[in-house]
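> Let me give you the structure first, and then I'll get to my questions.
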Amino acid sequence: MKKHLPFAFVLLLAAAAYTTTITGGCASLAGPRHGATVTVVAAHSTLSAVQDTELLLVCEKPGAPAAPLCVDAEKHKAISAKLATAFALDGDLARLVRAVPLDQPQPPQVAELVARIAQIINDVLALIPKSQQKAALEQNLAGSK
Amino acid sequence: MLTFAAIIQWITIGQKVFEAGKPAFDAIKSVLAAHTIEADTDALDKVIEDADRRKALAEHEAGS
């Protein structure tokens, strides 16, 4: 599990850093909400890519690798339950950011929700067996930073 | 040493994963490029809608 911690952590940390620093110029044009919007979209995109890829890896699905590299039914259910929680938090995060007035700073709950989503991404990645597809997913996510 | 078949397999797998994630990453790029309040609101609405859809899919898969 530890092996995956830096990956998603760095990914979401990069999104948070982007929000507070690089988009400073954007914020002056579109308001403080712009940086938070980028973070929301980054978190949602990461979760979506994880879900789409995991669905390709379920054992006996066309194109899935053979056992033990595929995701068996038990793990698939466990991963899906975690992803359901993550997407619920993801929706809450987007609703929260949307509800804040444009000229107001983002509430601390934004960072809390992002941290909870990052933890679930770590947990899900830890459940997916090593495979070429998983390596490609990690490379793809790292390349999107 | 990588055989030709292994290289082709890697390219195919990489392409599938890339295609799976591409719409999501394109969404980030469009938000970054727009820099407008309307584009941000539109992006948040799309995230809310897609998060609800994906949550339902995950719940279905968790129960299947």
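Following the order of the structure tokens, first chain is A, next is B, and so on, with residues numbered from 1 inside each chain and ligands from 1 in the order they appear.
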Within 8 Å of Ser131 (chain A), counting only C-alpha atoms, which residues show up once you throw out same-chain ones fewer than 4 positions away? Write them as JSON, numbers by chain, please.

{"A": [65, 69, 70, 135]}

> Give me a file of those residues, with N, CA and C atoms, as a PDB file, in the first residue's frame.


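The result, written out as selection15.pdb:
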ATOM      1  N   PRO A  65      -6.284  -8.781 -18.544  1.00  0.00           N
ATOM      2  CA  PRO A  65      -5.185  -9.744 -18.422  1.00  0.00           C
ATOM      3  C   PRO A  65      -5.643 -11.004 -17.690  1.00  0.00           C
ATOM      4  N   LEU A  69      -3.199 -11.324 -12.726  1.00  0.00           N
ATOM      5  CA  LEU A  69      -3.011  -9.895 -13.028  1.00  0.00           C
ATOM      6  C   LEU A  69      -4.336  -9.142 -13.150  1.00  0.00           C
ATOM      7  N   CYS A  70      -5.435  -9.898 -13.377  1.00  0.00           N
ATOM      8  CA  CYS A  70      -6.731  -9.227 -13.498  1.00  0.00           C
ATOM      9  C   CYS A  70      -7.317  -8.964 -12.102  1.00  0.00           C
ATOM     10  N   ALA A 135       0.314  -0.066 -14.824  1.00  0.00           N
ATOM     11  CA  ALA A 135       1.495   0.777 -15.022  1.00  0.00           C
ATOM     12  C   ALA A 135       1.192   1.896 -16.014  1.00  0.00           C
TER      13      ALA A 135
END

> Show me, as JSON lines, the residues of chain A having an atom within 6 Å of chain B, each with the closest atom pair and its distance in Å, using only C-alpha atoms.


{"residue": "A:Ala30", "atom": "CA", "partner": "B:Thr36", "partner_atom": "CA", "distance": 5.2}
{"residue": "A:Val41", "atom": "CA", "partner": "B:Ile28", "partner_atom": "CA", "distance": 5.9}
{"residue": "A:Ser45", "atom": "CA", "partner": "B:Ala24", "partner_atom": "CA", "distance": 4.5}
{"residue": "A:Ala49", "atom": "CA", "partner": "B:Gly21", "partner_atom": "CA", "distance": 4.5}
{"residue": "A:Asp52", "atom": "CA", "partner": "B:Ala20", "partner_atom": "CA", "distance": 5.8}
{"residue": "A:Lys77", "atom": "CA", "partner": "B:Ala62", "partner_atom": "CA", "distance": 4.2}
{"residue": "A:Ser80", "atom": "CA", "partner": "B:Ala58", "partner_atom": "CA", "distance": 4.8}
{"residue": "A:Ala81", "atom": "CA", "partner": "B:Ala62", "partner_atom": "CA", "distance": 5.2}
{"residue": "A:Ala84", "atom": "CA", "partner": "B:Lys55", "partner_atom": "CA", "distance": 4.6}
{"residue": "A:Phe87", "atom": "CA", "partner": "B:Lys55", "partner_atom": "CA", "distance": 5.2}
{"residue": "A:Gly91", "atom": "CA", "partner": "B:Ile48", "partner_atom": "CA", "distance": 4.9}
{"residue": "A:Ala94", "atom": "CA", "partner": "B:Leu44", "partner_atom": "CA", "distance": 5.7}
{"residue": "A:Ala136", "atom": "CA", "partner": "B:Gly14", "partner_atom": "CA", "distance": 5.6}

> Next, dump the selected residues to file, keeping only N, CA and C atoms, as a PDB file, in the first residue's frame.


ATOM      1  N   ALA A  30     -10.962  35.435 -13.234  1.00  0.00           N
ATOM      2  CA  ALA A  30     -12.197  34.659 -13.090  1.00  0.00           C
ATOM      3  C   ALA A  30     -12.630  34.502 -11.637  1.00  0.00           C
ATOM      4  N   VAL A  41     -11.881  19.554 -10.970  1.00  0.00           N
ATOM      5  CA  VAL A  41     -11.827  18.830 -12.245  1.00  0.00           C
ATOM      6  C   VAL A  41     -10.664  17.838 -12.253  1.00  0.00           C
ATOM      7  N   SER A  45     -11.194  13.945 -12.713  1.00  0.00           N
ATOM      8  CA  SER A  45     -10.551  13.287 -13.854  1.00  0.00           C
ATOM      9  C   SER A  45      -9.711  12.095 -13.406  1.00  0.00           C
ATOM     10  N   ALA A  49     -10.475   8.247 -14.497  1.00  0.00           N
ATOM     11  CA  ALA A  49      -9.486   7.415 -15.190  1.00  0.00           C
ATOM     12  C   ALA A  49      -9.256   6.110 -14.431  1.00  0.00           C
ATOM     13  N   ASP A  52     -12.434   3.925 -15.065  1.00  0.00           N
ATOM     14  CA  ASP A  52     -12.477   3.403 -16.441  1.00  0.00           C
ATOM     15  C   ASP A  52     -11.445   2.295 -16.644  1.00  0.00           C
ATOM     16  N   LYS A  77     -15.714  -5.757  -6.460  1.00  0.00           N
ATOM     17  CA  LYS A  77     -16.803  -5.241  -5.619  1.00  0.00           C
ATOM     18  C   LYS A  77     -16.268  -4.281  -4.561  1.00  0.00           C
ATOM     19  N   SER A  80     -15.263  -1.084  -6.278  1.00  0.00           N
ATOM     20  CA  SER A  80     -16.445  -0.323  -6.714  1.00  0.00           C
ATOM     21  C   SER A  80     -17.114   0.375  -5.532  1.00  0.00           C
ATOM     22  N   ALA A  81     -17.154  -0.288  -4.386  1.00  0.00           N
ATOM     23  CA  ALA A  81     -17.753   0.337  -3.194  1.00  0.00           C
ATOM     24  C   ALA A  81     -16.942   1.570  -2.786  1.00  0.00           C
ATOM     25  N   ALA A  84     -17.636   4.310  -5.286  1.00  0.00           N
ATOM     26  CA  ALA A  84     -18.956   4.926  -5.059  1.00  0.00           C
ATOM     27  C   ALA A  84     -18.851   6.005  -3.983  1.00  0.00           C
ATOM     28  N   PHE A  87     -16.893   9.008  -5.476  1.00  0.00           N
ATOM     29  CA  PHE A  87     -17.676   9.855  -6.391  1.00  0.00           C
ATOM     30  C   PHE A  87     -18.751  10.643  -5.637  1.00  0.00           C
ATOM     31  N   GLY A  91     -18.802  14.635  -5.940  1.00  0.00           N
ATOM     32  CA  GLY A  91     -19.995  15.448  -6.212  1.00  0.00           C
ATOM     33  C   GLY A  91     -20.199  16.506  -5.135  1.00  0.00           C
ATOM     34  N   ALA A  94     -17.699  19.337  -5.714  1.00  0.00           N
ATOM     35  CA  ALA A  94     -18.090  20.228  -6.817  1.00  0.00           C
ATOM     36  C   ALA A  94     -19.265  21.124  -6.403  1.00  0.00           C
ATOM     37  N   ALA A 136       0.430   1.559 -17.055  1.00  0.00           N
ATOM     38  CA  ALA A 136       0.075   2.579 -18.049  1.00  0.00           C
ATOM     39  C   ALA A 136      -0.832   3.639 -17.433  1.00  0.00           C
TER      40      ALA A 136
END

> May I ask which of the residues A:Ala115, A:Leu127, A:Leu141, A:Ala86 is the closest one to Leu57 (chain A), counting only C-alpha atoms?

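The shortest atom-to-atom distance to Leu57 (chain A) comes from A:Leu127.
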